[in-house]
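A.B. asks: Mind looking over this structure? Questions follow.
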Amino acid sequence: MEKLSERDIKEIMHQIAHNDDHIAFRQFFDLYYHKLVNFAYFFLESSVAAEEVVSTVFISLWEKRRKLPQIDRIEAYLFSSTKNKSYNYLRDNKRLMQFKEIDSETDFLVPEFENPETELLSREFREKLIQIIEELPPKCKMIFTLIREDGLKYREVAELLEISVKTVEVQMGRALSKIKTSINPYLHEVDLFHFLNNEKIKREDRK
Amino acid sequence: MLDNNLNELIAKRLSGEINKDEQKVLDDWLALSDDNQETFKLHSSIWSDMKIRRTSKNANNVFVGISAAIRKGEKTDDPQIPKRTISIPYLWRGIAAAVLVLVTTLFVFNILSAKKNPSIVQSTHVIEKSLSTGQKLKIFLPDGSTVWLNAESSISYPDRFDDKSRIVKLTGEAFFDITKNPSKPFVVKTEDLDIRVLGTKFNVRNYHNEGKTDVALESGKVMVETSEQKNKYILLPGEGISMNEESGEIAKYQVNPKTAFQWKDGVIYFNKANFDEVINRLSRWYGVEFTVENYEGEKWEYSAEFKNDNLSNILQSMGFTKEFEYEIDQNKVTIKFN
């Protein structure tokens with residue numbers, strides 16, 4: 001999907017709040033659904049539960065849509081709402097949650113690279129890197145994802161997960177260290193720097 | 001320096017959380033060896049060039065479910081309804097899912113035929129957006145079309161289009177990317193011209209102080225009609241039409257894509273522009289007022305292209321060839337010729 005600027009997102013929220021615009025609501029859903037369902041999965045470890053919880057997030061957002069423009073950092077709001085609703089879900093469905101689902105995570109959320117340029121890297125290398133990130137310890141992966149992919153600030157992640165900013169810092173350092181160590185053996189197979197430099201040059205040419 | 005701390009610093013740097021002191025420590029470490037720089041480069045590439053996106057294949061179904069729950073909630077005015085689905089035991093989920101599919105099929109069907117159902121038709125409101133100088137806005141219309149509205153322009157449209165047509169009114173300048181719908185022609189009304197389209201990309205410009213209306217077509221096909229005389233013109237891609245406000249004279253021309261379309265991507269393009277044109281464009285674009293000193297009215301032909309540049313840079317490079325000095329004080333700009 002095309003990247004939207006903060007202004008575009010504000011405009012979408014405005015359309016939802018004041019014009020009850022269903023198309024804008026769909027755009028808004030497409031922007032955040034995948035991130036939120038991924039986040040809810042951290043807590044619930046069930047795709048059905050994650051989908052249900054995130055559905056209620058969007059439903060209550062629609063019900064409160066008039067207040068939407070007053071929300072300052074919409075990402076932080078959505079993630080925190082997803083967390084609260086996940087906790088409620090766990091509380092209300094204790095018995096249910098004892099039965100682990102046998103759904104494979106890979107079918108549920110498919111990780112792929114955002115930039116098509118990375119297609120040029122060997123398939124093996126791409127798969128390896130994704131695997132390394134997917135296999136980070138759960139908490140470490142959650143924090144790394146929230147910061148890198150979802151663009152939250154350290155402070156926001158700390159508040160969201162009720163941990164200290166220092167913990168966020170430590171986990172981020174750990175993520176980088178693990179990625180570096182695990183990718184090292186594969187680096188010689190790819191002339192990664194050559195590839196990246198070429199990409200940079202190409203991108204500058206386009207400007 | 002401990003390796004752990006260093007990784008933390010790199011992560012902070014990449015996520016924009018680093019402070020000055022930490023940046024200094026990182027810089028010192030980078031200066032130590034090529035190896036350190038390579039390590040940083042690797043992290044920075046992985047960080048920004050290899051972002052991962054996780055896609056849930058089931059998103060569409062979930063959205064349909066949400067729409068159904070919202071509709072149900074609005075009908076009975078009972079916000080509790082969606083919550084109730086949460087604690088349905090697994091056994092019931094299959095049944096619930098089947099019902100949901102049925103409900104959503106009806107829902108989608110209902111939307112498609114909504115116009116015939118009086119209970120769904122709501123009164124329409126006219127939405128108006130007006131921009132002053134220095135502003136630009138991207139607008140999503142109710143039919144999924146996109147409009148880029150330029151500075152000092154205004155557009156009005158209903159919050160939902162009626163059965164037969166999609167009509168918007170424009171003064172100023174806008175670029176339209178219209179969603180195809182042959183059964184509902186899209187019409188842009190300006191003071192002097194109507195532009196009728198089916199699905200296409202084009203630019204309309206009718207600033208009052210310019211005394212003309214311009215329509216330039218990027219792709220697709222449009223029909224331009226004068227509001228009074230009912231003259232009709234068909235435009236093909238790359239063609240433009242210009243109508244003089246006073247004389248009503250109409251002329252077709254070949255479009256220069258740079259002048260007609262690129263403003264929406266942040267490009268200011270001057271093609272042998274005279275002094276007034278340059279000043280007008282810049283004051284509208286940046287929302288500033290100009291005061292000019294010692295200008296003798298010499299003939300000016302200025303050609304240049306700027307992309308997402310700030311005013312100071314533009315004036316600097318312009319002042320270099322045109323030999324003037326400038327001062328910017330908030331939104332007041334003074335230009336002094338030597």
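Note on naming: chains are A, B, ... as they come in the structure tokens, residues start from 1 per chain, ligands start from 1 in the order shown.
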Compile the residues of chain A that lie within 8 Å of chain B, evaluated using only C-alpha atoms, and express the compilation as a tab-separated table (two decimals) with C-alpha atoms, in the first residue's frame.

C.D. replies:
```
chain	number	residue	atom	x	y	z
A	8	ASP	CA	-3.37	12.20	4.95
A	11	GLU	CA	-7.70	13.87	6.80
A	12	ILE	CA	-8.95	10.28	6.83
A	19	ASN	CA	-18.81	12.66	7.45
A	21	ASP	CA	-17.26	8.16	5.66
A	23	ILE	CA	-14.49	4.46	2.59
A	24	ALA	CA	-12.22	6.46	4.85
A	26	ARG	CA	-11.87	1.16	5.39
A	29	PHE	CA	-8.71	-0.12	8.96
A	33	TYR	CA	-5.46	-3.69	11.27
A	34	HIS	CA	-2.44	-5.86	10.47
A	35	LYS	CA	-0.24	-4.14	13.02
A	38	ASN	CA	-0.03	-8.84	15.25
A	51	GLU	CA	-9.17	-10.97	15.31
A	52	GLU	CA	-12.06	-10.67	17.71
A	55	SER	CA	-12.60	-6.07	15.74
A	56	THR	CA	-13.94	-4.64	18.99
A	58	PHE	CA	-12.45	-0.79	15.51
A	59	ILE	CA	-16.11	-1.07	16.46
A	62	TRP	CA	-16.43	3.91	15.12
A	63	GLU	CA	-18.86	4.44	17.97
A	89	TYR	CA	-10.53	-10.91	26.78
A	92	ASP	CA	-13.37	-13.11	30.48
A	93	ASN	CA	-12.33	-16.20	28.59
A	96	LEU	CA	-11.60	-20.94	26.72
A	107	ASP	CA	-0.89	-18.74	7.77
A	108	PHE	CA	-2.31	-16.06	9.95
A	109	LEU	CA	0.21	-13.26	9.51
A	110	VAL	CA	2.61	-13.51	6.63
A	111	PRO	CA	5.80	-11.52	7.14
A	112	GLU	CA	7.37	-10.00	4.03
A	113	PHE	CA	9.66	-7.13	3.21
A	114	GLU	CA	8.08	-3.78	2.66
A	115	ASN	CA	10.46	-2.66	-0.07
A	118	THR	CA	14.91	-6.24	-1.44
A	130	ILE	CA	12.91	-12.71	8.46
A	147	ILE	CA	9.58	0.70	17.53
A	148	ARG	CA	10.82	-0.20	14.05
A	149	GLU	CA	7.74	-1.28	12.12
A	153	LYS	CA	8.48	6.17	20.54
A	154	TYR	CA	10.45	4.54	23.38
A	169	GLU	CA	16.58	0.48	25.59
A	170	VAL	CA	18.06	-2.79	26.80
A	172	MET	CA	16.39	-2.86	21.62
A	173	GLY	CA	20.13	-3.29	22.12
A	174	ARG	CA	19.56	-7.01	22.58
A	176	LEU	CA	20.30	-5.55	17.37
A	177	SER	CA	22.97	-7.73	18.91
A	180	LYS	CA	24.01	-9.05	13.99
A	193	PHE	CA	27.04	-3.52	0.93
A	196	LEU	CA	22.78	-1.46	-0.74
```

A.B. asks: Do a neighbour search on B:Ser154 at 8 Å with only C-alpha atoms, toss out local chain neighbours closer than 3 positions, and write the hits as a PyMOL selection string.

C.D. replies: chain B and resi 128-131+149+170-172

A.B. asks: Could you write out the selected residues, including N, CA and C atoms, as a compact mmCIF listing (two decimals), in the first residue's frame?

C.D. replies:
```txt
# COMPACT_ATOMS: atom_id res chain seq x y z
N GLU B 128 -17.41 21.69 2.51
CA GLU B 128 -16.60 22.67 1.80
C GLU B 128 -15.23 22.78 2.45
N LYS B 129 -14.21 22.76 1.59
CA LYS B 129 -12.86 22.94 2.11
C LYS B 129 -12.25 24.16 1.43
N SER B 130 -11.75 25.08 2.24
CA SER B 130 -11.11 26.28 1.69
C SER B 130 -9.70 26.40 2.24
N LEU B 131 -8.78 26.70 1.36
CA LEU B 131 -7.40 26.84 1.80
C LEU B 131 -6.94 28.27 1.59
N LEU B 149 -5.84 19.62 -3.50
CA LEU B 149 -6.30 21.00 -3.57
C LEU B 149 -5.11 21.93 -3.31
N LEU B 170 -15.51 23.95 -7.84
CA LEU B 170 -14.13 24.35 -7.56
C LEU B 170 -13.87 25.80 -7.92
N THR B 171 -13.17 26.51 -7.04
CA THR B 171 -12.49 27.74 -7.45
C THR B 171 -11.04 27.57 -7.03
N GLY B 172 -10.14 28.09 -7.87
CA GLY B 172 -8.73 27.91 -7.59
C GLY B 172 -8.19 26.74 -8.38
```

A.B. asks: If you count only C-alpha atoms, which residues fall within 9 Å of A:Met13, apart from same-chain ones fewer than 5 positions away, as number ranges by chain?

C.D. replies: A: 8, 18, 24-25, 28, 65, 68-69

A.B. asks: Take the selection from the previous step and output its residues with C-alpha atoms, as a PDB file, in the first residue's frame.

C.D. replies:
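The resulting file, result_3.pdb, is shown below:
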```pdb
ATOM      1  CA  ASP A   8      -3.374  12.195   4.954  1.00  0.00           C
ATOM      2  CA  HIS A  18     -17.474  14.369  10.554  1.00  0.00           C
ATOM      3  CA  ALA A  24     -12.220   6.465   4.847  1.00  0.00           C
ATOM      4  CA  PHE A  25     -12.985   3.996   7.636  1.00  0.00           C
ATOM      5  CA  PHE A  28      -8.076   3.557   8.251  1.00  0.00           C
ATOM      6  CA  ARG A  65     -15.692   8.569  15.979  1.00  0.00           C
ATOM      7  CA  LEU A  68     -11.372  10.959  16.756  1.00  0.00           C
ATOM      8  CA  PRO A  69      -9.765  14.284  15.765  1.00  0.00           C
TER       9      PRO A  69
END
```

A.B. asks: Write out as a PDB file with N, CA and C atoms, in the first residue's frame the set of residues from stretch 5-196 of chain A that DSSP, computed on the backbone, places in strand (DSSP E or B).

C.D. replies:
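Wrote it out as result36.pdb, contents follow:
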```pdb
ATOM      1  N   LEU A 109      -0.458 -14.513   9.862  1.00  0.00           N
ATOM      2  CA  LEU A 109       0.205 -13.262   9.510  1.00  0.00           C
ATOM      3  C   LEU A 109       1.464 -13.579   8.713  1.00  0.00           C
ATOM      4  N   VAL A 110       1.468 -13.189   7.471  1.00  0.00           N
ATOM      5  CA  VAL A 110       2.605 -13.513   6.628  1.00  0.00           C
ATOM      6  C   VAL A 110       3.601 -12.356   6.645  1.00  0.00           C
ATOM      7  N   PRO A 111       4.829 -12.605   7.150  1.00  0.00           N
ATOM      8  CA  PRO A 111       5.803 -11.517   7.135  1.00  0.00           C
ATOM      9  C   PRO A 111       6.502 -11.420   5.781  1.00  0.00           C
ATOM     10  N   GLU A 112       6.595 -10.195   5.248  1.00  0.00           N
ATOM     11  CA  GLU A 112       7.371 -10.003   4.025  1.00  0.00           C
ATOM     12  C   GLU A 112       8.033  -8.634   4.093  1.00  0.00           C
ATOM     13  N   PHE A 113       8.996  -8.421   3.210  1.00  0.00           N
ATOM     14  CA  PHE A 113       9.662  -7.129   3.208  1.00  0.00           C
ATOM     15  C   PHE A 113       8.776  -6.076   2.585  1.00  0.00           C
TER      16      PHE A 113
END
```

A.B. asks: What does the distance from atom CA of B:Asp276 to atom CA of B:Lys189 come to in Å, to one decimal?

C.D. replies: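 It comes out at 28.2 Å.
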
A.B. asks: In Å, rounded to a single decimal, give me how far atom CA of B:Ala151 is from atom CA of B:Ile268.

C.D. replies: 12.9 Å

A.B. asks: Find the residues around stretch 207-224 of chain B up to 9 Å (only C-alpha atoms counted), leave out those fewer than 6 positions away in its own chain, and share them as a VMD selection string.

C.D. replies: chain B and resid 152 to 153 171 to 173 190 to 201 231 to 246 248 253 to 257 260 to 261

A.B. asks: Of the candidates B:Ser145, B:Ser227, B:Thr259, B:Asn338, which one gets nearest to B:Val204 if we count only C-alpha atoms?

C.D. replies: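 The shortest atom-to-atom distance to B:Val204 comes from B:Thr259.
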
A.B. asks: So, with only C-alpha atoms as the atoms that count, which of B:Trp300, B:Ile250, B:Phe186, B:Asn203 lies closest to B:Ala174?

C.D. replies: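 That would be B:Asn203, the residue with the smallest distance to B:Ala174.
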